[in-house]
Amino acid sequence: MIPLSLGEIAAVVGGTVEGDGAVTVTAPAVLDGRQAEPGSLFVAFPGERVDGHDYAGQAGRAGAVAVLGSRPTPLPTVVVKDAQAALQALATHVVDRLRAGLTVVGVTGSQGKTTTKDLLAAVLSSAAPTIATIGTLNNGLGVPLTMLRADAATRFLVLEMGASHVGDIAELTDLVAPDIGVVLNVGQAHIGEFGSREAITRTKGELVRGLAPGGTAILNADDPRVVTMRSLTEGPVLTFGQAEQPDVRALDLTLDRFGRPSFTLRTADASAPVALPFVGAHQALNAAAAAAAGLAAGVPLDVAAAALSTASLSKWRMELRDLAGGARLLNDSYNANPDSTRAALDALAAIECGRRIAVLGEMLELGDDSAAEHRAVGAYAASLADVVVAVGEAARPLADGAGARAVALADNDAAVGWLHGHLAAGDVVLVKASRGAGLDEVAAALT
């Protein structure tokens with residue numbers, strides 16, 4: 001965050017200052033008072049059950065010096081009618097102030113956004129100071145919070161951009177037009193909200209339409225829906241993929257006994273080896289996307305490849321951990337849709353082990369096709385895993401699809417109990433579901 005007095009913030013967001021307008025914010029904005037640090041701005045929202053304004057004191061004790069909210073608090077406060085709109089206006093102002101020395105990169109797609117964002121952050125950080133989305137703060141609140149973490153030293157700003165409705169990404173590019181935009185794929189995530197793949201395609205294409213003048217689009221050559229987005233921009237386009245002839249290609253893919261991929265990244269005039277330190281053949285495509293965006297930002301291919309080989313991912317994404325008793329946990333429990341679940345099952349199948357146990361929960365927001373999609377994923381799981389554990393009533397179609405290999409359990413506690421009673425040395429257990437299913441609780445109980 002660049003230093004700004006409350007008076008300056010009020011002028012930017014159209015608010016009024018209650019308290020000392022000379023107080024200066026020097027640290028990032030936060031929504032959770034417990035996450036404040038010395039110099040932070042605490043952004044308070046009234047909720048149905050909890051009013052953030054009531055936690056201003058907690059934020060102050062953690063180091064926050066001021067509040068942005070809709071009513072006065074014990075801390076100096078910029079009072080506005082709409083705290084979210086004010087937060088967004090402030091973020092746009094800060095990035096505009098920094099823009100001369102800053103390259104902004106947007107990343108979207110139905111799956112792989114967070115992993116690719118993490119990989120791209122590693123690539124760009126190897127070249128210059130980089131700020132990237134923490135976890136999956138990728139919506140109308142998360143994007144401005146990330147923008148406000150940028151300061152005068154920042155050279156790259158990587159923004160994960162998520163959506164569940166047409167127009168969501170356009171709203172984000174209205175806050176900041178990226179210089180580089182990465183579109184990974186068009187899948188089924190949130191299809192229950194969007195209504196169709198066509199609507200998802202239009203929404204992901206909003207990133208390409210929203211690029212800054214002359215901005216570069218990074219497109220997946222292996223996804224026909226993404227390739228059509230080339231027509232949405234008059235600026236440069238770089239493609240990535242494993243088939244055809246993309247500008248950045250992932251070739252010669254092999255997996256070690258833990259399912260970790262090694263491959264070669266190749267362009268028209270260079271090649272470089274990559275050995276990723278985490279599980280999943282599908283990660284090679286995410287790495288190619290990150291390398292392509294790195295090239296657009298001026299990072300040479302060999303530098304990007306070296307950074308990719310030491311990168312780390314956000315929590316609960318393809319984490320392979322040893323468990324007591326000699327079993328292993330593949331924790332991919334943060335979120336799920338049919339495509340990402342199949343990729344996780346492929347990763348499970350690639351690990352050398354005794355039994356493979358897939359613990360799967362509900363995949364949310366699949367609309368009218370939900371039951372059929374769950375059955376199909378259950379059948380796919382049964383083709384790769386020795387046991388398919390379907391957790392929760394909503395996941396019952398998974399068990400139906402898995403047939404004789406299925407174990408249907410009522411809830412997370414039942415899943416934990418079953419696993420404690422059945423895991424043996426040499427087993428690998430995959431835990432995967434949508435965030436709302438909370439299967440991270442199962443993974444935590446095992447560790």
# chains A, B, ... in the order shown; residues from 1 in each chain; ligands from 1

$ residues_around --residues "range 90-102 of chain A" --least-positions-apart "5" --cutoff "6 Å" --atoms "only C-alpha atoms" --output "MDAnalysis selection string"
chainID A and resid 144 147:148 155:156 175

$ residues_around --residues "Val391 in chain A" --least-positions-apart "6" --cutoff "10 Å" --atoms "only C-alpha atoms" --output "PyMOL selection string"
chain A and resi 359-362+398-399+407-415+433+437+439

$ closest_residue --among "A:Leu31, A:Val13, A:Ala349, A:Leu364" --to "Pro46 in chain A" --atoms "only C-alpha atoms"
A:Leu31

$ residues_around --residues "Ala177 in chain A" --least-positions-apart "6" --cutoff "12 Å" --atoms "only C-alpha atoms" --output "MDAnalysis selection string"
chainID A and resid 92 95:96 99 102:106 147 157:159 161 169:171 206:216

$ closest_residue --among "A:Leu68, A:Met229, A:Ala327, A:Val274" --to "Ala425 in chain A" --atoms "only C-alpha atoms"
A:Ala327

$ select_by_dssp --residues "range 33-139 of chain A" --states "strand (DSSP E or B)" --output "VMD selection string"
chain A and resid 41 to 43 46 51 66 to 69 77 to 79 103 to 108 130 to 132

$ write_last_selection --atoms "N, CA and C atoms" --output "PDB file, in the first residue's frame"
ATOM      1  N   LEU A  41      -5.483  -0.491   6.980  1.00  0.00           N
ATOM      2  CA  LEU A  41      -6.832   0.048   6.873  1.00  0.00           C
ATOM      3  C   LEU A  41      -7.803  -1.118   7.024  1.00  0.00           C
ATOM      4  N   PHE A  42      -8.683  -1.052   8.020  1.00  0.00           N
ATOM      5  CA  PHE A  42      -9.685  -2.096   8.238  1.00  0.00           C
ATOM      6  C   PHE A  42     -10.959  -1.697   7.507  1.00  0.00           C
ATOM      7  N   VAL A  43     -11.434  -2.563   6.607  1.00  0.00           N
ATOM      8  CA  VAL A  43     -12.638  -2.281   5.830  1.00  0.00           C
ATOM      9  C   VAL A  43     -13.792  -3.031   6.478  1.00  0.00           C
ATOM     10  N   PRO A  46     -21.354  -4.184   7.289  1.00  0.00           N
ATOM     11  CA  PRO A  46     -22.430  -4.733   8.121  1.00  0.00           C
ATOM     12  C   PRO A  46     -22.952  -6.015   7.490  1.00  0.00           C
ATOM     13  N   ASP A  51     -21.554  -7.524  12.373  1.00  0.00           N
ATOM     14  CA  ASP A  51     -21.256  -6.199  11.838  1.00  0.00           C
ATOM     15  C   ASP A  51     -19.769  -5.927  12.010  1.00  0.00           C
ATOM     16  N   ALA A  66      -6.915   2.882  10.965  1.00  0.00           N
ATOM     17  CA  ALA A  66      -8.118   3.548  10.474  1.00  0.00           C
ATOM     18  C   ALA A  66      -9.095   2.523   9.927  1.00  0.00           C
ATOM     19  N   VAL A  67     -10.330   2.993   9.692  1.00  0.00           N
ATOM     20  CA  VAL A  67     -11.410   2.150   9.183  1.00  0.00           C
ATOM     21  C   VAL A  67     -12.024   2.804   7.959  1.00  0.00           C
ATOM     22  N   LEU A  68     -12.403   1.990   6.987  1.00  0.00           N
ATOM     23  CA  LEU A  68     -13.252   2.402   5.870  1.00  0.00           C
ATOM     24  C   LEU A  68     -14.567   1.682   6.064  1.00  0.00           C
ATOM     25  N   GLY A  69     -15.645   2.437   6.320  1.00  0.00           N
ATOM     26  CA  GLY A  69     -16.918   1.797   6.618  1.00  0.00           C
ATOM     27  C   GLY A  69     -18.081   2.729   6.412  1.00  0.00           C
ATOM     28  N   THR A  77     -12.162   7.084  10.979  1.00  0.00           N
ATOM     29  CA  THR A  77     -12.941   6.346   9.981  1.00  0.00           C
ATOM     30  C   THR A  77     -13.289   7.221   8.787  1.00  0.00           C
ATOM     31  N   VAL A  78     -13.117   6.674   7.594  1.00  0.00           N
ATOM     32  CA  VAL A  78     -13.664   7.281   6.384  1.00  0.00           C
ATOM     33  C   VAL A  78     -15.047   6.674   6.183  1.00  0.00           C
ATOM     34  N   VAL A  79     -16.072   7.498   6.309  1.00  0.00           N
ATOM     35  CA  VAL A  79     -17.449   7.032   6.240  1.00  0.00           C
ATOM     36  C   VAL A  79     -17.975   7.206   4.808  1.00  0.00           C
ATOM     37  N   THR A 103       3.461  -3.769 -14.285  1.00  0.00           N
ATOM     38  CA  THR A 103       2.799  -4.630 -15.262  1.00  0.00           C
ATOM     39  C   THR A 103       1.746  -5.452 -14.538  1.00  0.00           C
ATOM     40  N   VAL A 104       0.502  -5.361 -15.008  1.00  0.00           N
ATOM     41  CA  VAL A 104      -0.615  -6.060 -14.376  1.00  0.00           C
ATOM     42  C   VAL A 104      -0.980  -7.280 -15.208  1.00  0.00           C
ATOM     43  N   VAL A 105      -1.114  -8.435 -14.542  1.00  0.00           N
ATOM     44  CA  VAL A 105      -1.462  -9.680 -15.215  1.00  0.00           C
ATOM     45  C   VAL A 105      -2.746 -10.227 -14.609  1.00  0.00           C
ATOM     46  N   GLY A 106      -3.728 -10.517 -15.446  1.00  0.00           N
ATOM     47  CA  GLY A 106      -4.964 -11.152 -15.003  1.00  0.00           C
ATOM     48  C   GLY A 106      -4.979 -12.615 -15.415  1.00  0.00           C
ATOM     49  N   VAL A 107      -5.495 -13.479 -14.537  1.00  0.00           N
ATOM     50  CA  VAL A 107      -5.562 -14.917 -14.815  1.00  0.00           C
ATOM     51  C   VAL A 107      -6.983 -15.402 -14.559  1.00  0.00           C
ATOM     52  N   THR A 108      -7.585 -16.067 -15.562  1.00  0.00           N
ATOM     53  CA  THR A 108      -8.913 -16.638 -15.372  1.00  0.00           C
ATOM     54  C   THR A 108      -9.002 -17.995 -16.054  1.00  0.00           C
ATOM     55  N   THR A 130       7.097  -8.778  -6.921  1.00  0.00           N
ATOM     56  CA  THR A 130       5.792  -9.195  -7.439  1.00  0.00           C
ATOM     57  C   THR A 130       4.794  -9.313  -6.305  1.00  0.00           C
ATOM     58  N   ILE A 131       3.586  -8.812  -6.534  1.00  0.00           N
ATOM     59  CA  ILE A 131       2.450  -9.010  -5.631  1.00  0.00           C
ATOM     60  C   ILE A 131       1.434  -9.871  -6.372  1.00  0.00           C
ATOM     61  N   ALA A 132       0.921 -10.920  -5.704  1.00  0.00           N
ATOM     62  CA  ALA A 132      -0.060 -11.805  -6.329  1.00  0.00           C
ATOM     63  C   ALA A 132      -1.182 -12.099  -5.355  1.00  0.00           C
TER      64      ALA A 132
END

$ residues_around --residues "range 290-304 of chain A" --least-positions-apart "4" --cutoff "6 Å" --atoms "only C-alpha atoms" --output "tab-separated table (two decimals) with C-alpha atoms, in the first residue's frame"
chain	number	residue	atom	x	y	z
A	120	LEU	CA	3.21	-17.17	-12.51
A	123	VAL	CA	8.15	-16.85	-12.48
A	272	ALA	CA	14.17	-25.52	-21.13

$ select_by_dssp --residues "range 75-311 of chain A" --states "helix (DSSP H, G or I)" --output "ChimeraX atom specification"
/A:83-101,113-125,142-147,168-175,191-194,197-209,224-232,283-296,301-308

$ closest_residue --among "A:Ala22, A:Ala390, A:Val183, A:Ala404" --to "Ala289 in chain A" --atoms "only C-alpha atoms"
A:Val183

$ closest_residue --among "A:Leu119, A:Val389, A:Val17, A:Leu330" --to "Leu276 in chain A" --atoms "only C-alpha atoms"
A:Leu119

$ atom_distance --atom1 "CA of Leu4 in chain A" --atom2 "CA of Ala86 in chain A"
14.4 Å

$ atom_distance --atom1 "CA of Gln111 in chain A" --atom2 "CA of Ala89 in chain A"
28.7 Å

$ residues_around --residues "Leu285 in chain A" --least-positions-apart "4" --cutoff "12 Å" --atoms "only C-alpha atoms" --output "PyMOL selection string"
chain A and resi 111-113+115-116+119+183-185+219-223+239-243+246+248-251+253+261-265+274+276+280-281+289-292+343

$ atom_distance --atom1 "CA of Val279 in chain A" --atom2 "CA of Leu323 in chain A"
16.7 Å

$ closest_residue --among "A:Ala443, A:Ile180, A:Val227, A:Leu232" --to "Met318 in chain A" --atoms "only C-alpha atoms"
A:Ala443

$ closest_residue --among "A:Val50, A:Ala402, A:Ala122, A:Leu384" --to "Ala305 in chain A" --atoms "only C-alpha atoms"
A:Ala122
